[in-house]
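First up is the structure itself, then whatever we jot down about it.
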Amino acid sequence: MSEYLLEMRNITKIFPGVRALDNVSFTLKKGEIHALMGENGAGKSTFIKVLTGVHRPDGGEIILDGKKIEMHDPLVAAKHGIAAIYQHLALYPDLTVAENIFMGHEKMTKMKSIKWRETNNAARELLDSLGSNISPTDRMGSLSVAQQQLVEIAKALSQNMQILIMDEPTAALSRRESEELYAIASKLRDRGISIILISHRFEDMYNLADRVTVFRDAQYIGTWDVNGIDNATLVKHMVGRSIDQFFPKGNAKIGETLLEVKNLSRTGYFADVSFKLHEGEILCLTGLVGAGRTEVVETISGITKPTGGEILFKGKPVRIQSPNQAMKMGIGLLPEDRQKQGLFLPWSIMDNITLPAIDRFASGIFRSGKRERAEGEKYKDALRIRATSVDDTASSLSGGNQQKVVVSKLLSGSNRILILDEPTKGVDVGSKAQIYEIMRNLTEQGFGILMISSELPEVINMSDNIVVMREGRVSTIIPASEATQESVLSAGMPLEKQA
Amino acid sequence: MKTIKKIFLRWEWLLILLTVGVFFFFNDLNPKAYTLPKLMGQTRVYMVDVGFMALGALLILLLGDIDISVASTAGLAATIMGITYRAGAPFWLALIAAVAVGAVCGLINGLLVTGFKELFPMIITLSTQTIYRGINYIILKDKSVGSFPEWFGNLGYDTVRDAWFAEEMPGWVAGSPEWIQWIYNFVGDFPVMLLCLLAVFPFFFVWIHKTPGGKRIFATGENIVTARYSGIRTDRMKITLFTLNGILAAVGGIFLAARTGAVKYTHANGYEMQAIAVAVLGGASTAGGKGSVVGILLSLILMTCLKNGLNIVYNDSFIMNLSVGALLILVVLLPNIGQYISDYWRVLKRRKEAAQKASPK
Amino acid sequence: MNGSKKRKTSFLEMFIKNRELGLIAILIILIGVVTLRTPAFLTGEKMLFIVEDTATMAILAFGMMCVMLVGSIDISISGIMAFSAMAAGIIMKNNISVTEVTQIVDGVEKIVKVRESVPLIYLLLIAMAVGAGCGLVNGLIIAYGNVLPIVTTLGMQYIIYGLAHIISDGQAVYKKDMSAAFTEFTRDFSFLGINSKTWIMLLVFAVMFIFITFFRSGRHLYAVGSNPEAAEMRGINVRRSKLLAHVIMGALAGLAGMMFASHDNKITQDLKTGYEMYVIAACVIGGVSVTGGAGKITGVLLGALTIGVINNGLPMLRLTGNAEFWKKLIQGLLILAAVVSNAAIQRTIQKRNLKGRNL
């Protein structure tokens, strides 16, 4: 019997087009909380899917309790007591809480029919043991994110698990909700359950974890005791170089006001949002996921309509009714979800880049393939998009290169204001640095950039001013030079309402 | 190399290959009844009216939507044409009225589809189908309307020879080499209706495949969110295309009336599925963003060859439809299976590579 | 985490949460309107007749619900009905034996022809098996061939009608070739004075209700449609669920085909063309989501009844000389009104919820 409950050795996973895991290893002791860290796209999610049997590894072995196991099916993982709570909660919004907990292993009669009363009671007990009063017969879709997460934990508990994987569990939680989650996690550890915790928040790791493992670019970097490693070293391992090398310094001149929003509101999403964006400035909008950041920029770029307040473009009040109109004014948006909102995945790089300003490349009424190609080539070279030709499909590119294509789309138009919603999410380290460089170059040319970001190092090191949002309102605006990670984080944490 | 491969892997080749195969199969089976000139005559039945609707279906499928109400629109438009003319209006006015009704029907669909995005175009057009057919029923009851001007009736039957050529072959043709005579006869066999249909194809081809506007249609169908984020006015586009689809349906309904000579309230019943089938066979996907105008034309030709052949051999519309259905499914299924196999091989190959890479260590 | 606030549920929300309540209200209003115009409408007999008349549509709608739950659709059901009824009909025709029996009717001796054939239950099972086979093919192409449901079933519609034609050689099956048991089974009022079609429908309803509420594979239909990826991760076989839904649809279409055939005393190869649209409409009115994952069987039953009341109530409204001509238009308008109003209510509720969020 080894000291480890779970050992994963030399795991490799290959998808058509990309090597998602390259010889990674991982160990987990019984009753420990083990943090798994790494940038977006480092392979954490794939690793979890291999461990839970969703993906079948192309190489390597999984040893559980000293026995080698074949994990080829989610059911096998469940049988071995491995359960996961995913980043995008895997739930059925139209079904009840109890059903969500017991889907796939409901309490059955001898006739193989479901015993609803017992199922509901069992759900009740599980939720009680977690100290929650959610009703088992509520519709899942009507619960808050924190409650849904709790249901997911209950779901995992219902399967007699010994290993629980939590993927970004606190990303959308308030501070108090996070603390409650920490308490539950500790309680589970004390019951002898091992937890693999994936998180971007160092706070989560320091609060909970015993050991930490870092992945970078689909590779295993190392494992350390949490107490034996300092923050800077850890970050260096994660991004591959130290922070001050990583973020290019800007020397753009801050010019006139390009865009001003005054008391902008949209019922139910955000209220009284005011800030100014200047030429040559990078203004960062930060705060927790769900604080209304994306909704604000969607309103500015004409995707949704505001219910109050005004937008001033170069000092003049404007009403932006559609993205089309926003683009005509020179406001371009890089959306949060580049695959679903930014790209036509089956299309070529060239077609993607030229679409927003396609009329410009036409001669007469006809499209000109030659000019479109020239435009595509221009940006492929300028932004160093790594592809064999501009005819490659967007889906064949890595996350970072996909993001560069979306940036090209913005630049190919005549935009002066760029709104970048999480521009480096899911982007590899190399491309990330390039994107930062591009941003710096653009500001030097007089572009105004409004960036949404959750990654605090990025927020502090890239922006000139920081707007922190909290529950739909602007909590504070601070110059980046005065900001620290702690001050930004605490400004974004929701004030607890009296329960 | 890659582009050459791409050109040869195009859907259109499959259709051409099938068409040639079908033609020679039936030609061999029935050399007398199944000839090119006779086939040409049959295009009136199998190609023209459904062709207009299939072009409309292509537009809607490109958007990723579906329109079940086209046949009802066609029927209603033809009815309006009939009663306007019967009421004493000049025939040109009746035609305009018919097209206008088609446009209005399409516009209503477009407004509903864009106004209620949470509802599905299929459900919306399902109900407008019943509504349009219902209005038609109220207008016509169980009667029919007909006795159109003579030229309109002729439109349904005339060939180019009937309409414009002299009785006798002109001397300069008769004296020319045989191949010129063959061309002369070939052109002469063209039904006038078919010419009308073919006349709109170049316009659609240029618009859909060669202009920025066409590219925007593909973009909208491929991913409507990205399209909107990229500055395309997707709502306006949808409304426009649905309206155009209504107009095309009306034109199809008018040509059908020219062929049948009278309009009943069941006019063009079932054409919506035929139009969609032609468009899908022509390479359009109901998921949106795929399809080609050339594909529609080839698919129409293939359908005509197949249906006419089957009709001669079996003289039976059910067998005809059965073959069309089987063709439809096979043609859509085969590439999927091909894709599945090629994906499987690719992953297998990479796994082998990975194993080789891992073993020396 | 334990801040589950109980908000006051408004009248509007109650209706949305319990769509069935809203449907019942619509039904009552519809019946009320017709009754105002024609008091004779509101009789037990008439109501029972409406249920009887809607029974077959409801059975089809139960099947369509399964298919729509997994996010699929089947527009080949009228073909399946024709084909399976025809298959059973031909077996019946080939085994028919007519015997002349002397019977005493009203005290007078009469010679009565008694037509006998394969037992009815076998015929029904054959039709359902044939239907299930068609559904299986649909399901295989959709789930394992990755062809879009609407394309698949559109093609299959043509194919199945063609098959019905081939096996029948273009001949319809008439009453003379039908066994008495078959022609009478939908006209039987012997049990509690309620028509057998209603009983069959209630039986199917009960079976489907139990299947979909108490059985794993039934619940999985919801899971698959609600969140296919999550279902896959929890080890639910998504493809098999889709296949199952289509097989159920096919089998029920086989049964419905036999009921129509018996009711019409005739089996033709174009039995009930275009009927799929009514069935889909019944499901949508009944609250089944076209994207899958949501919908209740009671709602579907009420949806079918709503269409039944419209069909039967319209002539009673005596709007114009001949209501028959108006029927189609009003049907269409009502279906559109039902779906659009539902969307509108959802929107109002959403707006109110947004306003309720304090920022």
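The way I read the labels, and the way they are meant: chains A, B, ... in the order of the structure tokens, residue 1 as the first residue of every chain, and ligand 1 as the first ligand shown, with later ones counted on from there.
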
Near region 95-104 of chain B, counting only C-alpha atoms, which residues have an atom at most 6 Å away, once you skip same-chain residues fewer than 5 positions from it, shown as an NGL selection string? :B and (73 or 77 or 80-81 or 243 or 246-247 or 250)

Give me every alpha helix (DSSP H) residue in region 16-246 of chain B, going by DSSP on the backbone, as number ranges by chain. B: 16-29, 36-43, 49-62, 70-86, 91-115, 121-140, 150-155, 160-164, 171-174, 178-189, 192-210, 212-222, 224-229, 234-246

Output the contact residues of chain A with respect to chain B at a cut-off of 7 Å, based on only C-alpha atoms, as a ChimeraX atom specification. /A:16,58,323-324,327,340-344,356,358-359,365-367

7 Å contacts from chain C to chain B using only C-alpha atoms, as a list of chain:residue names: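 On the chain C side, the interface is C:Gly145, C:Asn146, C:Val147, C:Thr152, C:Gly155, C:Met156, C:Tyr158, C:Ile159, C:Tyr161, C:Gly162, C:His165, C:Phe325, C:Trp326, C:Lys328, C:Leu329, C:Gly332, C:Leu333, C:Ile335, C:Leu336.
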
Can you tell me, as a PyMOL selection string, what residues are no more than 12 Å from Ile31 (chain C) when counting only C-alpha atoms, ignoring any on the same chain fewer than 6 positions away? chain C and resi 24-25+37-43+46-47+50+305-314+316-317

Shell around Met277 (chain C) at 9 Å using only C-alpha atoms, local window under 2 positions removed, as a PyMOL selection string: (chain B and resi 126-127) or (chain C and resi 75+274-275+279-282)

Using only C-alpha atoms, which residues of chain A come within 8 Å of chain C, and what is the closest atom pair for each, with the distance in Å to one decimal? Give it as a Markdown table, sorted by chain and residue number.
```
| residue | atom | partner | partner_atom | distance |
| --- | --- | --- | --- | --- |
| A:Val54 | CA | C:Met233 | CA | 6.0 |
| A:Asp73 | CA | C:Gly235 | CA | 7.0 |
| A:Pro74 | CA | C:Gly235 | CA | 5.2 |
| A:Leu75 | CA | C:Gly235 | CA | 5.2 |
| A:Ala90 | CA | C:Ala230 | CA | 4.9 |
| A:Leu91 | CA | C:Ala230 | CA | 6.5 |
| A:Tyr92 | CA | C:Ser226 | CA | 5.5 |
| A:Pro93 | CA | C:Ser226 | CA | 7.1 |
| A:Asp94 | CA | C:Ala294 | CA | 6.1 |
| A:Leu95 | CA | C:Tyr222 | CA | 7.8 |
| A:Met103 | CA | C:Arg234 | CA | 7.9 |
| A:Gly104 | CA | C:Arg234 | CA | 6.9 |
| A:Glu106 | CA | C:Arg216 | CA | 7.7 |
| A:Lys112 | CA | C:Phe215 | CA | 7.0 |
| A:Ser113 | CA | C:Phe215 | CA | 4.8 |
| A:Ile114 | CA | C:Phe214 | CA | 4.6 |
| A:Lys115 | CA | C:Phe214 | CA | 7.2 |
| A:Trp116 | CA | C:Phe214 | CA | 7.6 |
| A:Gly131 | CA | C:Asn2 | CA | 7.8 |
| A:Ser132 | CA | C:Asn2 | CA | 5.3 |
| A:Asn133 | CA | C:Asn2 | CA | 5.8 |
| A:Ile134 | CA | C:Ser4 | CA | 6.6 |
| A:Leu143 | CA | C:Ser4 | CA | 7.9 |
| A:Ala146 | CA | C:Met1 | CA | 6.0 |
| A:Gln147 | CA | C:Met1 | CA | 5.8 |
| A:Leu150 | CA | C:Met1 | CA | 7.9 |
| A:Glu177 | CA | C:Met1 | CA | 6.2 |
| A:Glu180 | CA | C:Met1 | CA | 7.3 |
| A:Thr267 | CA | C:Lys355 | CA | 5.9 |
| A:Gly268 | CA | C:Leu354 | CA | 4.1 |
| A:Tyr269 | CA | C:Leu354 | CA | 7.5 |
| A:Phe270 | CA | C:Leu359 | CA | 6.8 |
| A:Ala271 | CA | C:Leu359 | CA | 6.9 |
| A:Glu471 | CA | C:Leu359 | CA | 5.9 |
| A:Gly472 | CA | C:Leu359 | CA | 5.7 |
| A:Arg473 | CA | C:Leu359 | CA | 6.9 |
| A:Ala499 | CA | C:Gly3 | CA | 6.9 |
```

Write the residues of the selection above to a file with N, CA, C and O atoms, as a short mmCIF file (atom, residue, chain, number, x, y, z; two decimals), in the first residue's frame.
```
data_model
loop_
_atom_site.label_atom_id
_atom_site.label_comp_id
_atom_site.auth_asym_id
_atom_site.auth_seq_id
_atom_site.Cartn_x
_atom_site.Cartn_y
_atom_site.Cartn_z
N VAL A 54 -14.54 10.87 -18.70
CA VAL A 54 -15.23 11.47 -19.84
C VAL A 54 -14.36 11.34 -21.09
O VAL A 54 -14.83 10.99 -22.16
N ASP A 73 -15.10 5.32 -18.89
CA ASP A 73 -16.53 5.59 -18.87
C ASP A 73 -16.84 6.35 -17.58
O ASP A 73 -16.30 6.01 -16.53
N PRO A 74 -17.66 7.37 -17.64
CA PRO A 74 -17.99 8.12 -16.42
C PRO A 74 -18.56 7.22 -15.32
O PRO A 74 -18.37 7.48 -14.14
N LEU A 75 -19.24 6.15 -15.72
CA LEU A 75 -19.82 5.27 -14.73
C LEU A 75 -18.75 4.55 -13.93
O LEU A 75 -18.91 4.30 -12.74
N ALA A 90 -22.91 21.10 -14.33
CA ALA A 90 -23.58 20.16 -15.21
C ALA A 90 -24.93 19.80 -14.61
O ALA A 90 -25.05 18.83 -13.90
N LEU A 91 -25.89 20.66 -14.84
CA LEU A 91 -27.17 20.39 -14.20
C LEU A 91 -28.31 20.45 -15.20
O LEU A 91 -28.16 20.89 -16.32
N TYR A 92 -29.44 19.96 -14.73
CA TYR A 92 -30.64 19.95 -15.56
C TYR A 92 -31.60 21.00 -14.99
O TYR A 92 -32.28 20.74 -14.01
N PRO A 93 -31.64 22.17 -15.58
CA PRO A 93 -32.41 23.27 -14.96
C PRO A 93 -33.90 22.97 -14.86
O PRO A 93 -34.56 23.51 -13.98
N ASP A 94 -34.43 22.11 -15.72
CA ASP A 94 -35.88 21.86 -15.70
C ASP A 94 -36.29 20.79 -14.71
O ASP A 94 -37.46 20.58 -14.47
N LEU A 95 -35.31 20.08 -14.16
CA LEU A 95 -35.66 19.00 -13.24
C LEU A 95 -35.50 19.47 -11.79
O LEU A 95 -34.93 20.52 -11.52
N MET A 103 -29.85 11.64 -10.37
CA MET A 103 -29.96 11.21 -11.76
C MET A 103 -28.96 10.09 -12.04
O MET A 103 -27.77 10.24 -11.80
N GLY A 104 -29.46 8.99 -12.52
CA GLY A 104 -28.57 7.88 -12.84
C GLY A 104 -28.47 6.84 -11.73
O GLY A 104 -28.14 5.70 -11.98
N GLU A 106 -31.09 6.64 -8.96
CA GLU A 106 -32.25 6.91 -8.13
C GLU A 106 -32.54 5.71 -7.24
O GLU A 106 -32.12 4.59 -7.51
N LYS A 112 -37.77 -2.02 -10.50
CA LYS A 112 -36.92 -1.11 -11.25
C LYS A 112 -37.62 0.23 -11.52
O LYS A 112 -37.35 0.87 -12.52
N SER A 113 -38.54 0.57 -10.66
CA SER A 113 -39.13 1.89 -10.83
C SER A 113 -38.61 2.80 -9.72
O SER A 113 -38.12 2.33 -8.69
N ILE A 114 -38.70 4.10 -9.96
CA ILE A 114 -38.10 5.05 -9.03
C ILE A 114 -39.01 5.27 -7.83
O ILE A 114 -40.21 5.48 -7.99
N LYS A 115 -38.41 5.23 -6.62
CA LYS A 115 -39.19 5.54 -5.43
C LYS A 115 -38.99 7.01 -5.12
O LYS A 115 -37.97 7.41 -4.56
N TRP A 116 -39.97 7.80 -5.52
CA TRP A 116 -39.79 9.24 -5.41
C TRP A 116 -39.67 9.71 -3.98
O TRP A 116 -38.85 10.53 -3.66
N GLY A 131 -25.79 21.24 5.84
CA GLY A 131 -26.29 22.44 6.49
C GLY A 131 -27.09 23.34 5.58
O GLY A 131 -27.03 24.56 5.69
N SER A 132 -27.84 22.76 4.66
CA SER A 132 -28.61 23.60 3.74
C SER A 132 -30.09 23.31 3.87
O SER A 132 -30.49 22.21 4.24
N ASN A 133 -30.89 24.30 3.57
CA ASN A 133 -32.34 24.07 3.66
C ASN A 133 -33.02 24.15 2.30
O ASN A 133 -34.19 24.50 2.19
N ILE A 134 -32.27 23.83 1.24
CA ILE A 134 -32.89 23.82 -0.09
C ILE A 134 -33.91 22.68 -0.14
O ILE A 134 -33.65 21.59 0.36
N LEU A 143 -32.56 28.05 -8.45
CA LEU A 143 -31.61 28.25 -7.36
C LEU A 143 -30.50 29.22 -7.74
O LEU A 143 -30.22 29.43 -8.91
N ALA A 146 -24.61 29.52 -5.83
CA ALA A 146 -24.06 28.87 -4.65
C ALA A 146 -24.90 27.66 -4.26
O ALA A 146 -24.38 26.60 -3.92
N GLN A 147 -26.22 27.83 -4.35
CA GLN A 147 -27.10 26.71 -4.00
C GLN A 147 -26.94 25.56 -4.98
O GLN A 147 -26.92 24.40 -4.60
N LEU A 150 -23.98 23.62 -4.18
CA LEU A 150 -24.22 22.77 -3.04
C LEU A 150 -24.93 21.49 -3.47
O LEU A 150 -24.62 20.39 -3.00
N GLU A 177 -20.18 33.33 0.89
CA GLU A 177 -20.49 32.05 0.26
C GLU A 177 -19.22 31.21 0.11
O GLU A 177 -19.22 30.00 0.31
N GLU A 180 -18.32 29.74 3.40
CA GLU A 180 -19.17 28.59 3.70
C GLU A 180 -18.71 27.36 2.93
O GLU A 180 -18.72 26.25 3.44
N THR A 267 -31.94 47.59 -16.07
CA THR A 267 -32.70 46.97 -14.99
C THR A 267 -32.30 45.52 -14.77
O THR A 267 -32.33 44.73 -15.70
N GLY A 268 -31.94 45.20 -13.55
CA GLY A 268 -31.66 43.83 -13.20
C GLY A 268 -30.22 43.42 -13.42
O GLY A 268 -29.81 42.36 -12.98
N TYR A 269 -29.45 44.25 -14.14
CA TYR A 269 -28.07 43.85 -14.43
C TYR A 269 -27.04 44.79 -13.81
O TYR A 269 -26.09 44.35 -13.18
N PHE A 270 -27.22 46.11 -14.04
CA PHE A 270 -26.29 47.05 -13.44
C PHE A 270 -26.99 48.39 -13.31
O PHE A 270 -28.00 48.65 -13.95
N ALA A 271 -26.43 49.25 -12.46
CA ALA A 271 -27.06 50.55 -12.22
C ALA A 271 -25.99 51.60 -11.96
O ALA A 271 -24.95 51.32 -11.35
N GLU A 471 -21.67 43.74 -7.56
CA GLU A 471 -23.13 43.54 -7.64
C GLU A 471 -23.83 44.60 -8.47
O GLU A 471 -24.80 45.22 -8.06
N GLY A 472 -23.31 44.84 -9.69
CA GLY A 472 -23.99 45.71 -10.62
C GLY A 472 -23.71 47.19 -10.46
O GLY A 472 -24.25 48.01 -11.18
N ARG A 473 -22.89 47.56 -9.49
CA ARG A 473 -22.57 48.97 -9.32
C ARG A 473 -21.06 49.15 -9.30
O ARG A 473 -20.31 48.22 -9.01
N ALA A 499 -28.94 38.57 6.58
CA ALA A 499 -29.76 37.43 6.20
C ALA A 499 -30.94 37.30 7.15
O ALA A 499 -30.88 37.75 8.27
#
```

Neighbour list for region 254-259 of chain C as a list in words, cut-off 6 Å, only C-alpha atoms, skip fewer than 6 positions in-chain: Thr56, Met81, Ser84, Ala85, Ala127, Met128 and Gly131 of chain C

Give me, please, the distance in Å between CA of Met303 (chain B) and CA of Thr43 (chain B), quoted to one decimal.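 Going from CA of Met303 (chain B) over to CA of Thr43 (chain B) covers 9.6 Å.
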
What residues in region 267-437 of chain A get the DSSP label strand (DSSP E)? Please answer as a PyMOL selection string. chain A and resi 270-278+282-287+308-313+316-318+331-334+362-363+366-367+417-421

Residues from the last selection, N, CA, C and O atoms, saved as a short mmCIF file (atom, residue, chain, number, x, y, z; two decimals), in the first residue's frame:
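Output saved as out.cif:
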```cif
data_model
loop_
_atom_site.label_atom_id
_atom_site.label_comp_id
_atom_site.auth_asym_id
_atom_site.auth_seq_id
_atom_site.Cartn_x
_atom_site.Cartn_y
_atom_site.Cartn_z
N PHE A 270 -27.22 46.11 -14.04
CA PHE A 270 -26.29 47.05 -13.44
C PHE A 270 -26.99 48.39 -13.31
O PHE A 270 -28.00 48.65 -13.95
N ALA A 271 -26.43 49.25 -12.46
CA ALA A 271 -27.06 50.55 -12.22
C ALA A 271 -25.99 51.60 -11.96
O ALA A 271 -24.95 51.32 -11.35
N ASP A 272 -26.26 52.82 -12.44
CA ASP A 272 -25.42 54.00 -12.15
C ASP A 272 -23.94 53.78 -12.40
O ASP A 272 -23.10 54.08 -11.58
N VAL A 273 -23.64 53.23 -13.56
CA VAL A 273 -22.24 53.00 -13.89
C VAL A 273 -21.71 54.24 -14.61
O VAL A 273 -22.28 54.66 -15.61
N SER A 274 -20.64 54.83 -14.10
CA SER A 274 -20.04 55.99 -14.74
C SER A 274 -18.53 55.81 -14.80
O SER A 274 -17.91 55.39 -13.83
N PHE A 275 -17.94 56.08 -15.95
CA PHE A 275 -16.49 56.15 -16.06
C PHE A 275 -16.13 56.82 -17.38
O PHE A 275 -16.99 57.04 -18.23
N LYS A 276 -14.85 57.17 -17.52
CA LYS A 276 -14.37 57.81 -18.74
C LYS A 276 -13.23 57.01 -19.33
O LYS A 276 -12.40 56.47 -18.59
N LEU A 277 -13.19 56.96 -20.65
CA LEU A 277 -12.08 56.29 -21.33
C LEU A 277 -11.40 57.30 -22.23
O LEU A 277 -12.07 58.01 -22.99
N HIS A 278 -10.09 57.39 -22.13
CA HIS A 278 -9.35 58.38 -22.92
C HIS A 278 -8.54 57.73 -24.01
O HIS A 278 -8.29 56.52 -24.00
N ILE A 282 -5.64 52.36 -21.14
CA ILE A 282 -6.24 51.04 -20.92
C ILE A 282 -7.00 51.13 -19.61
O ILE A 282 -6.41 51.33 -18.55
N LEU A 283 -8.30 51.03 -19.73
CA LEU A 283 -9.15 51.11 -18.55
C LEU A 283 -9.64 49.70 -18.27
O LEU A 283 -10.13 49.01 -19.16
N CYS A 284 -9.48 49.25 -17.05
CA CYS A 284 -9.85 47.87 -16.75
C CYS A 284 -11.11 47.82 -15.90
O CYS A 284 -11.24 48.55 -14.92
N LEU A 285 -12.01 46.98 -16.34
CA LEU A 285 -13.26 46.77 -15.61
C LEU A 285 -13.12 45.43 -14.92
O LEU A 285 -12.99 44.40 -15.59
N THR A 286 -13.13 45.42 -13.60
CA THR A 286 -12.95 44.13 -12.92
C THR A 286 -14.00 43.94 -11.85
O THR A 286 -14.89 44.78 -11.66
N GLY A 287 -13.91 42.84 -11.15
CA GLY A 287 -14.95 42.47 -10.19
C GLY A 287 -15.23 40.99 -10.36
O GLY A 287 -14.64 40.32 -11.21
N GLY A 308 -31.34 53.29 -18.62
CA GLY A 308 -31.16 54.61 -18.05
C GLY A 308 -29.73 55.07 -18.23
O GLY A 308 -28.84 54.28 -18.56
N GLY A 309 -29.52 56.37 -18.05
CA GLY A 309 -28.17 56.92 -18.16
C GLY A 309 -27.82 57.24 -19.61
O GLY A 309 -28.63 57.03 -20.51
N GLU A 310 -26.61 57.76 -19.80
CA GLU A 310 -26.25 58.08 -21.18
C GLU A 310 -24.80 57.74 -21.50
O GLU A 310 -23.96 57.56 -20.62
N ILE A 311 -24.57 57.61 -22.80
CA ILE A 311 -23.24 57.33 -23.31
C ILE A 311 -22.81 58.54 -24.12
O ILE A 311 -23.56 59.01 -24.98
N LEU A 312 -21.62 59.08 -23.83
CA LEU A 312 -21.13 60.21 -24.62
C LEU A 312 -19.94 59.74 -25.43
O LEU A 312 -18.99 59.15 -24.89
N PHE A 313 -20.02 59.98 -26.73
CA PHE A 313 -18.93 59.60 -27.61
C PHE A 313 -18.23 60.89 -28.04
O PHE A 313 -18.83 61.74 -28.68
N LYS A 316 -20.20 63.93 -27.24
CA LYS A 316 -21.58 64.08 -27.68
C LYS A 316 -22.41 62.87 -27.22
O LYS A 316 -21.97 61.73 -27.34
N PRO A 317 -23.61 63.14 -26.69
CA PRO A 317 -24.44 62.01 -26.30
C PRO A 317 -24.89 61.20 -27.52
O PRO A 317 -25.26 61.80 -28.54
N VAL A 318 -24.81 59.89 -27.40
CA VAL A 318 -25.23 59.03 -28.53
C VAL A 318 -26.14 57.94 -28.01
O VAL A 318 -26.10 57.57 -26.84
N ILE A 331 -16.50 51.72 -32.33
CA ILE A 331 -16.42 50.96 -31.09
C ILE A 331 -16.50 49.47 -31.42
O ILE A 331 -17.49 49.01 -31.98
N GLY A 332 -15.44 48.75 -31.14
CA GLY A 332 -15.43 47.33 -31.46
C GLY A 332 -15.33 46.50 -30.19
O GLY A 332 -14.66 46.87 -29.25
N LEU A 333 -16.04 45.35 -30.20
CA LEU A 333 -16.07 44.51 -29.01
C LEU A 333 -15.41 43.16 -29.28
O LEU A 333 -15.72 42.50 -30.26
N LEU A 334 -14.50 42.78 -28.41
CA LEU A 334 -13.99 41.41 -28.42
C LEU A 334 -14.77 40.67 -27.35
O LEU A 334 -14.61 40.92 -26.17
N ALA A 362 -14.68 44.99 -51.52
CA ALA A 362 -15.40 44.68 -52.74
C ALA A 362 -14.97 45.63 -53.85
O ALA A 362 -14.61 46.77 -53.61
N SER A 363 -14.96 45.08 -55.08
CA SER A 363 -14.80 45.99 -56.21
C SER A 363 -16.12 45.99 -56.95
O SER A 363 -16.56 44.96 -57.44
N PHE A 366 -19.02 43.12 -56.51
CA PHE A 366 -18.45 41.80 -56.29
C PHE A 366 -17.42 41.81 -55.18
O PHE A 366 -16.69 42.79 -55.00
N ARG A 367 -17.34 40.69 -54.48
CA ARG A 367 -16.27 40.54 -53.51
C ARG A 367 -14.98 40.28 -54.26
O ARG A 367 -14.97 39.68 -55.32
N ILE A 417 -12.03 52.62 -30.49
CA ILE A 417 -12.23 52.17 -29.11
C ILE A 417 -12.36 50.65 -29.14
O ILE A 417 -13.21 50.12 -29.84
N LEU A 418 -11.51 49.97 -28.42
CA LEU A 418 -11.62 48.52 -28.38
C LEU A 418 -12.10 48.11 -27.00
O LEU A 418 -11.57 48.55 -25.98
N ILE A 419 -13.13 47.28 -26.99
CA ILE A 419 -13.60 46.73 -25.73
C ILE A 419 -13.20 45.27 -25.72
O ILE A 419 -13.63 44.50 -26.58
N LEU A 420 -12.35 44.89 -24.80
CA LEU A 420 -11.85 43.53 -24.77
C LEU A 420 -12.38 42.83 -23.52
O LEU A 420 -12.03 43.19 -22.40
N ASP A 421 -13.26 41.84 -23.74
CA ASP A 421 -13.84 41.13 -22.61
C ASP A 421 -13.01 39.87 -22.35
O ASP A 421 -13.06 38.94 -23.15
#
```

Straight-line distance linking CA of Leu21 (chain C) with CA of Lys327 (chain C), stated in Å to one decimal: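 If I compute the distance from CA of Leu21 (chain C) to CA of Lys327 (chain C), I get 25.7 Å.
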
Please list as a ChimeraX atom specification every residue within 9 Å of Leu107 (chain B), counting only C-alpha atoms and excluding residues in the same chain fewer than 6 positions away. /B:239-244,246

Fewer than 4 positions away in the same chain doesn't count, so skip those; otherwise give me all residues within 8 Å of Asn265 (chain C), counting only C-alpha atoms, as a ChimeraX atom specification. /C:174-175,178,183,261
